[in-house]
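J.: There's a structure below that I have some questions on.
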Amino acid sequence: GAVVSQHPSRVICKSGTSVKIECRSLDFQATTMFWYRQFPKQSLMLMATSNEGSKATYEQGVEKDKFLINHASLTLSTLTVTSAHPEDSSFYICSAREARLLSSYNEQFFGPGTRLTVL
Amino acid sequence: SQELEQSPQSLIVQEGKNLTINCTSSKTLYGLYWYKQKYGEGLIFLMMLQKGGEEKSHEKITAKLDEKKQQSSLHITASQPSHAGIYLCGADRETSGSRLTFGEGTQLTVNP
């Protein structure tokens, strides 16, 4: 089956620093990748939709200047948390939608997630 | 407001028992997805339902979508400890299919 990887799996950083999280589709091409954030005991909240070769679409309330998304290729999207603060500590999960599936079928393959802790 | 409501929020059952998790929307769904998540890990795709009245099964897990396409249920027969985890329903709201909205999740514990 389709595999999506994330790196790093866990990161601890100091307040004010920037952190980059990578999301890769390993055995398929993904025109669209999604970034979610999940707080403890809560559901996934979509942050942004990343389309290869174009600007990401951010959900309401998500600061695009703080959460920089780059989707430079069909297999890689990156999320950079700039000037991280303790309230940004969360579990970040990406998902990828296979390029060849052009119908309304919307199966997304999820990465294993990245645990970010900002001290 | 929460667009997808899952119930129950948590469920503790004895191994071997059957259980049902529900997912309800006030609006028509174009696609309904069920995922399983272990705490601190990614999501595992279980099943996807698109047609009203559709029912799918995989091993001991059966998912149904009602005729109005506003409610789905996930049924586990003869539960095992390996079934434990967080079950999330996700929904498409657009025919173009892109953004998924997730329910709050149901935490399932299966006691041996």
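Chain labels A, B, ... are given in the sequence in which chains occur in the structure tokens; within each chain residues are numbered consecutively from 1, and ligands are likewise numbered from 1 in the order shown.
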Counting only C-alpha atoms, which residues of chain B come no farther than 10 Å from chain A, as a tab-separated table (two decimals) with all heavy atoms, in the first residue's frame?

T.:
chain	number	residue	atom	x	y	z
B	30	TYR	N	-20.55	13.40	1.05
B	30	TYR	CA	-20.20	12.85	-0.26
B	30	TYR	C	-19.27	11.68	-0.14
B	30	TYR	O	-19.09	10.90	-1.05
B	30	TYR	CB	-19.60	13.94	-1.14
B	30	TYR	CG	-20.62	14.96	-1.57
B	30	TYR	CD1	-20.73	16.18	-0.92
B	30	TYR	CD2	-21.50	14.69	-2.61
B	30	TYR	CE1	-21.68	17.11	-1.30
B	30	TYR	CE2	-22.47	15.61	-3.00
B	30	TYR	CZ	-22.54	16.82	-2.33
B	30	TYR	OH	-23.49	17.72	-2.71
B	31	GLY	N	-18.65	11.56	0.99
B	31	GLY	CA	-17.77	10.43	1.25
B	31	GLY	C	-17.54	10.34	2.75
B	31	GLY	O	-17.39	11.35	3.42
B	32	LEU	N	-17.53	9.14	3.28
B	32	LEU	CA	-17.33	8.95	4.71
B	32	LEU	C	-16.20	7.95	4.89
B	32	LEU	O	-16.22	6.87	4.29
B	32	LEU	CB	-18.63	8.44	5.35
B	32	LEU	CG	-18.77	8.39	6.88
B	32	LEU	CD1	-17.92	7.29	7.51
B	32	LEU	CD2	-18.43	9.74	7.51
B	33	TYR	N	-15.21	8.34	5.69
B	33	TYR	CA	-14.02	7.53	5.87
B	33	TYR	C	-13.86	7.16	7.33
B	33	TYR	O	-14.08	7.98	8.22
B	33	TYR	CB	-12.78	8.32	5.42
B	33	TYR	CG	-12.87	8.82	4.00
B	33	TYR	CD1	-13.63	9.95	3.69
B	33	TYR	CD2	-12.20	8.18	2.96
B	33	TYR	CE1	-13.74	10.40	2.39
B	33	TYR	CE2	-12.29	8.63	1.66
B	33	TYR	CZ	-13.07	9.75	1.38
B	33	TYR	OH	-13.16	10.19	0.09
B	35	TYR	N	-11.06	5.75	10.07
B	35	TYR	CA	-9.65	5.55	10.33
B	35	TYR	C	-9.47	5.06	11.76
B	35	TYR	O	-10.29	5.32	12.65
B	35	TYR	CB	-8.86	6.85	10.18
B	35	TYR	CG	-8.73	7.36	8.77
B	35	TYR	CD1	-9.69	8.22	8.24
B	35	TYR	CD2	-7.66	7.01	7.96
B	35	TYR	CE1	-9.59	8.70	6.94
B	35	TYR	CE2	-7.53	7.49	6.67
B	35	TYR	CZ	-8.50	8.33	6.17
B	35	TYR	OH	-8.38	8.81	4.89
B	37	GLN	N	-6.48	5.08	14.86
B	37	GLN	CA	-5.23	5.73	15.26
B	37	GLN	C	-4.80	5.22	16.61
B	37	GLN	O	-5.58	5.15	17.56
B	37	GLN	CB	-5.41	7.25	15.33
B	37	GLN	CG	-4.14	8.01	15.67
B	37	GLN	CD	-4.36	9.51	15.87
B	37	GLN	OE1	-5.45	9.94	16.25
B	37	GLN	NE2	-3.35	10.30	15.60
B	38	LYS	N	-3.55	4.81	16.69
B	38	LYS	CA	-2.95	4.53	17.98
B	38	LYS	C	-2.44	5.86	18.52
B	38	LYS	O	-1.97	6.70	17.76
B	38	LYS	CB	-1.77	3.55	17.84
B	38	LYS	CG	-2.17	2.17	17.39
B	38	LYS	CD	-2.78	1.37	18.50
B	38	LYS	CE	-2.96	-0.08	18.09
B	38	LYS	NZ	-3.57	-0.89	19.17
B	39	TYR	N	-2.50	6.05	19.83
B	39	TYR	CA	-2.11	7.33	20.41
B	39	TYR	C	-0.69	7.71	19.99
B	39	TYR	O	0.23	6.91	20.11
B	39	TYR	CB	-2.20	7.29	21.94
B	39	TYR	CG	-1.80	8.60	22.57
B	39	TYR	CD1	-2.64	9.71	22.51
B	39	TYR	CD2	-0.56	8.74	23.19
B	39	TYR	CE1	-2.26	10.92	23.07
B	39	TYR	CE2	-0.18	9.94	23.75
B	39	TYR	CZ	-1.03	11.03	23.68
B	39	TYR	OH	-0.65	12.23	24.22
B	40	GLY	N	-0.54	8.92	19.48
B	40	GLY	CA	0.79	9.39	19.09
B	40	GLY	C	1.29	8.84	17.78
B	40	GLY	O	2.48	8.97	17.47
B	41	GLU	N	0.41	8.25	17.00
B	41	GLU	CA	0.81	7.70	15.71
B	41	GLU	C	-0.12	8.21	14.61
B	41	GLU	O	-1.08	8.92	14.85
B	41	GLU	CB	0.76	6.16	15.76
B	41	GLU	CG	1.70	5.55	16.79
B	41	GLU	CD	1.63	4.03	16.77
B	41	GLU	OE1	1.05	3.46	15.84
B	41	GLU	OE2	2.16	3.42	17.72
B	42	GLY	N	0.22	7.83	13.39
B	42	GLY	CA	-0.59	8.25	12.26
B	42	GLY	C	-1.88	7.48	12.16
B	42	GLY	O	-2.21	6.64	13.00
B	43	LEU	N	-2.65	7.77	11.12
B	43	LEU	CA	-3.95	7.14	10.93
B	43	LEU	C	-3.86	5.96	9.97
B	43	LEU	O	-3.15	6.03	8.96
B	43	LEU	CB	-4.95	8.15	10.37
B	43	LEU	CG	-5.66	9.05	11.37
B	43	LEU	CD1	-4.69	9.97	12.07
B	43	LEU	CD2	-6.75	9.85	10.67
B	44	ILE	N	-4.60	4.94	10.29
B	44	ILE	CA	-4.68	3.77	9.41
B	44	ILE	C	-6.06	3.77	8.76
B	44	ILE	O	-7.08	3.78	9.44
B	44	ILE	CB	-4.47	2.48	10.21
B	44	ILE	CG1	-3.09	2.49	10.86
B	44	ILE	CG2	-4.63	1.26	9.30
B	44	ILE	CD1	-2.89	1.37	11.85
B	45	PHE	N	-6.07	3.75	7.44
B	45	PHE	CA	-7.34	3.74	6.70
B	45	PHE	C	-8.05	2.41	6.91
B	45	PHE	O	-7.46	1.34	6.75
B	45	PHE	CB	-7.05	3.98	5.22
B	45	PHE	CG	-8.25	3.85	4.33
B	45	PHE	CD1	-9.20	4.85	4.27
B	45	PHE	CD2	-8.41	2.72	3.53
B	45	PHE	CE1	-10.30	4.73	3.43
B	45	PHE	CE2	-9.50	2.60	2.70
B	45	PHE	CZ	-10.45	3.60	2.65
B	47	MET	N	-11.97	2.01	6.04
B	47	MET	CA	-12.96	1.87	4.98
B	47	MET	C	-13.47	3.21	4.52
B	47	MET	O	-13.43	4.18	5.26
B	47	MET	CB	-14.15	1.03	5.48
B	47	MET	CG	-13.97	-0.46	5.26
B	47	MET	SD	-15.22	-1.45	6.05
B	47	MET	CE	-14.58	-1.55	7.70
B	48	MET	N	-14.00	3.23	3.31
B	48	MET	CA	-14.60	4.43	2.74
B	48	MET	C	-15.97	4.07	2.19
B	48	MET	O	-16.11	3.05	1.51
B	48	MET	CB	-13.70	4.98	1.63
B	48	MET	CG	-14.15	6.31	1.06
B	48	MET	SD	-15.30	6.17	-0.31
B	48	MET	CE	-14.25	5.44	-1.55
B	49	LEU	N	-16.95	4.90	2.48
B	49	LEU	CA	-18.32	4.68	2.01
B	49	LEU	C	-18.77	5.90	1.24
B	49	LEU	O	-18.53	7.04	1.65
B	49	LEU	CB	-19.25	4.45	3.21
B	49	LEU	CG	-18.86	3.32	4.16
B	49	LEU	CD1	-19.65	3.42	5.46
B	49	LEU	CD2	-19.09	1.97	3.49
B	50	GLN	N	-19.43	5.65	0.11
B	50	GLN	CA	-19.88	6.78	-0.71
B	50	GLN	C	-21.37	6.74	-1.01
B	50	GLN	O	-22.01	7.79	-1.15
B	50	GLN	CB	-19.10	6.81	-2.02
B	50	GLN	CG	-17.77	7.52	-1.94
B	50	GLN	CD	-17.17	7.76	-3.31
B	50	GLN	OE1	-17.06	6.86	-4.13
B	50	GLN	NE2	-16.75	8.99	-3.56
B	86	ILE	N	-7.99	4.64	18.80
B	86	ILE	CA	-8.91	5.74	18.58
B	86	ILE	C	-9.50	5.59	17.18
B	86	ILE	O	-8.77	5.47	16.20
B	86	ILE	CB	-8.19	7.10	18.70
B	86	ILE	CG1	-7.55	7.24	20.08
B	86	ILE	CG2	-9.18	8.25	18.45
B	86	ILE	CD1	-6.59	8.41	20.17
B	88	LEU	N	-11.63	7.26	14.22
B	88	LEU	CA	-12.02	8.57	13.71
B	88	LEU	C	-12.82	8.42	12.43
B	88	LEU	O	-12.45	7.65	11.54
B	88	LEU	CB	-10.78	9.41	13.40
B	88	LEU	CG	-9.96	9.90	14.59
B	88	LEU	CD1	-8.54	10.22	14.17
B	88	LEU	CD2	-10.60	11.13	15.21
B	89	CYS	N	-13.92	9.17	12.35
B	89	CYS	CA	-14.62	9.24	11.07
B	89	CYS	C	-14.25	10.57	10.42
B	89	CYS	O	-14.07	11.58	11.10
B	89	CYS	CB	-16.13	9.11	11.23
B	89	CYS	SG	-16.95	10.42	12.17
B	90	GLY	N	-14.08	10.53	9.12
B	90	GLY	CA	-13.75	11.73	8.36
B	90	GLY	C	-14.73	11.84	7.21
B	90	GLY	O	-15.21	10.84	6.69
B	91	ALA	N	-15.03	13.07	6.81
B	91	ALA	CA	-16.06	13.24	5.78
B	91	ALA	C	-15.64	14.24	4.73
B	91	ALA	O	-15.01	15.26	5.00
B	91	ALA	CB	-17.36	13.68	6.43
B	92	ASP	N	-16.04	13.90	3.51
B	92	ASP	CA	-15.96	14.81	2.37
B	92	ASP	C	-17.22	15.63	2.35
B	92	ASP	O	-18.31	15.09	2.49
B	92	ASP	CB	-15.95	14.01	1.05
B	92	ASP	CG	-14.58	13.75	0.56
B	92	ASP	OD1	-13.69	14.57	0.81
B	92	ASP	OD2	-14.40	12.71	-0.10
B	94	GLU	N	-17.54	17.93	-0.27
B	94	GLU	CA	-17.60	18.48	-1.61
B	94	GLU	C	-17.42	17.36	-2.62
B	94	GLU	O	-16.67	16.43	-2.38
B	94	GLU	CB	-16.48	19.51	-1.81
B	94	GLU	CG	-16.52	20.64	-0.80
B	94	GLU	CD	-15.18	21.34	-0.67
B	94	GLU	OE1	-14.21	20.86	-1.25
B	94	GLU	OE2	-15.14	22.36	0.01
B	95	THR	N	-18.10	17.46	-3.72
B	95	THR	CA	-17.99	16.42	-4.74
B	95	THR	C	-16.60	16.38	-5.35
B	95	THR	O	-16.17	15.36	-5.84
B	95	THR	CB	-19.01	16.66	-5.86
B	95	THR	OG1	-18.82	17.98	-6.37
B	95	THR	CG2	-20.42	16.52	-5.34
B	96	SER	N	-15.90	17.48	-5.32
B	96	SER	CA	-14.54	17.49	-5.87
B	96	SER	C	-13.59	16.72	-4.99
B	96	SER	O	-12.54	16.29	-5.43
B	96	SER	CB	-14.05	18.92	-6.03
B	96	SER	OG	-14.02	19.59	-4.77
B	97	GLY	N	-13.99	16.53	-3.75
B	97	GLY	CA	-13.18	15.69	-2.88
B	97	GLY	C	-11.83	16.25	-2.57
B	97	GLY	O	-10.90	16.13	-3.34
B	98	SER	N	-11.69	16.88	-1.44
B	98	SER	CA	-10.38	17.41	-1.08
B	98	SER	C	-10.22	17.45	0.42
B	98	SER	O	-9.54	16.62	0.98
B	98	SER	CB	-10.19	18.79	-1.70
B	98	SER	OG	-8.92	19.31	-1.38
B	99	ARG	N	-10.86	18.37	1.06
B	99	ARG	CA	-10.66	18.56	2.48
B	99	ARG	C	-11.53	17.61	3.29
B	99	ARG	O	-12.72	17.52	3.09
B	99	ARG	CB	-10.98	20.00	2.85
B	99	ARG	CG	-10.12	21.02	2.12
B	99	ARG	CD	-10.76	22.39	2.04
B	99	ARG	NE	-11.04	22.93	3.36
B	99	ARG	CZ	-12.27	23.19	3.79
B	99	ARG	NH1	-13.30	22.94	3.04
B	99	ARG	NH2	-12.44	23.68	4.98
B	100	LEU	N	-10.89	16.93	4.23
B	100	LEU	CA	-11.62	16.05	5.12
B	100	LEU	C	-11.86	16.74	6.45
B	100	LEU	O	-10.99	17.39	6.99
B	100	LEU	CB	-10.83	14.77	5.39
B	100	LEU	CG	-10.77	13.71	4.29
B	100	LEU	CD1	-9.94	12.52	4.76
B	100	LEU	CD2	-12.17	13.24	3.91
B	101	THR	N	-13.07	16.57	6.96
B	101	THR	CA	-13.40	17.03	8.30
B	101	THR	C	-13.50	15.80	9.18
B	101	THR	O	-14.11	14.80	8.79
B	101	THR	CB	-14.74	17.77	8.32
B	101	THR	OG1	-14.66	18.89	7.44
B	101	THR	CG2	-15.07	18.27	9.71
B	102	PHE	N	-12.91	15.85	10.37
B	102	PHE	CA	-12.89	14.69	11.24
B	102	PHE	C	-13.80	14.86	12.44
B	102	PHE	O	-14.00	15.98	12.94
B	102	PHE	CB	-11.47	14.41	11.74
B	102	PHE	CG	-10.59	13.79	10.70
B	102	PHE	CD1	-9.81	14.58	9.86
B	102	PHE	CD2	-10.55	12.42	10.54
B	102	PHE	CE1	-9.01	14.01	8.89
B	102	PHE	CE2	-9.75	11.83	9.57
B	102	PHE	CZ	-8.98	12.63	8.74
B	103	GLY	N	-14.33	13.75	12.90
B	103	GLY	CA	-15.05	13.74	14.16
B	103	GLY	C	-14.06	13.78	15.31
B	103	GLY	O	-12.84	13.74	15.11
B	104	GLU	N	-14.58	13.84	16.53
B	104	GLU	CA	-13.73	13.97	17.72
B	104	GLU	C	-13.02	12.67	18.08
B	104	GLU	O	-12.08	12.67	18.87
B	104	GLU	CB	-14.57	14.44	18.91
B	104	GLU	CG	-15.05	15.88	18.80
B	104	GLU	CD	-13.91	16.86	18.95
B	104	GLU	OE1	-13.03	16.63	19.79
B	104	GLU	OE2	-13.89	17.86	18.20
B	105	GLY	N	-13.49	11.59	17.51
B	105	GLY	CA	-12.84	10.32	17.80
B	105	GLY	C	-13.51	9.54	18.93
B	105	GLY	O	-14.16	10.12	19.80
B	106	THR	N	-13.36	8.25	18.88
B	106	THR	CA	-13.85	7.36	19.94
B	106	THR	C	-12.68	6.53	20.43
B	106	THR	O	-12.05	5.82	19.65
B	106	THR	CB	-14.95	6.42	19.41
B	106	THR	OG1	-16.08	7.21	19.01
B	106	THR	CG2	-15.37	5.43	20.49
B	107	GLN	N	-12.41	6.64	21.71
B	107	GLN	CA	-11.32	5.88	22.33
B	107	GLN	C	-11.86	4.51	22.75
B	107	GLN	O	-12.72	4.41	23.61
B	107	GLN	CB	-10.79	6.62	23.55
B	107	GLN	CG	-9.75	5.85	24.35
B	107	GLN	CD	-8.41	5.83	23.67
B	107	GLN	OE1	-7.85	6.88	23.35
B	107	GLN	NE2	-7.88	4.64	23.43

J.: Near A:Glu98, counting only C-alpha atoms, which residues have an atom at most 7 Å away, once you skip same-chain residues fewer than 4 positions from it, shown as a list in words?

T.: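 Near neighbours after the sequence-gap exclusion: Phe28, Gln29, Ala30 and Thr31 of chain A.
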
J.: Could you pull the residues within 6 Å of A:Ser77, counting only C-alpha atoms, minus those fewer than 4 positions along the same chain, as a ChimeraX atom specification?

T.: /A:23,70-71

J.: In Å to one decimal, how far is atom CA of A:Tyr36 from atom CA of A:Gln60?

T.: 13.1 Å

J.: Determine which residues of chain B receive a DSSP assignment of strand (DSSP E or B), computed from the backbone, and state them as a ChimeraX atom specification.

T.: /B:4-7,10-14,19-25,31-37,43-49,55-58,61-65,71-76,85-92,100-102,106-111

J.: Quick one: residues within 9 Å of stretch 66-73 of chain B, only C-alpha atoms counted, chain neighbours fewer than 5 positions away excluded, as a PyMOL selection string?

T.: chain B and resi 20-32+49-55+89

J.: Using only C-alpha atoms, which of B:Gln6, B:His75, B:Ala84, B:Pro112 sits nearest B:Lys56?

T.: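 Going through B:Gln6, B:His75, B:Ala84, B:Pro112 one by one, the smallest distance to B:Lys56 is for B:His75.
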
J.: Quick one: residues within 9 Å of B:Ser79, only C-alpha atoms, excluding same-chain residues fewer than 6 positions away - as a list in words?

T.: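 These residues fall inside the cut-off: Val13, Gln14, Glu15, Gly16, Lys17, Asn18, Leu19, Lys60 and Val110 of chain B.
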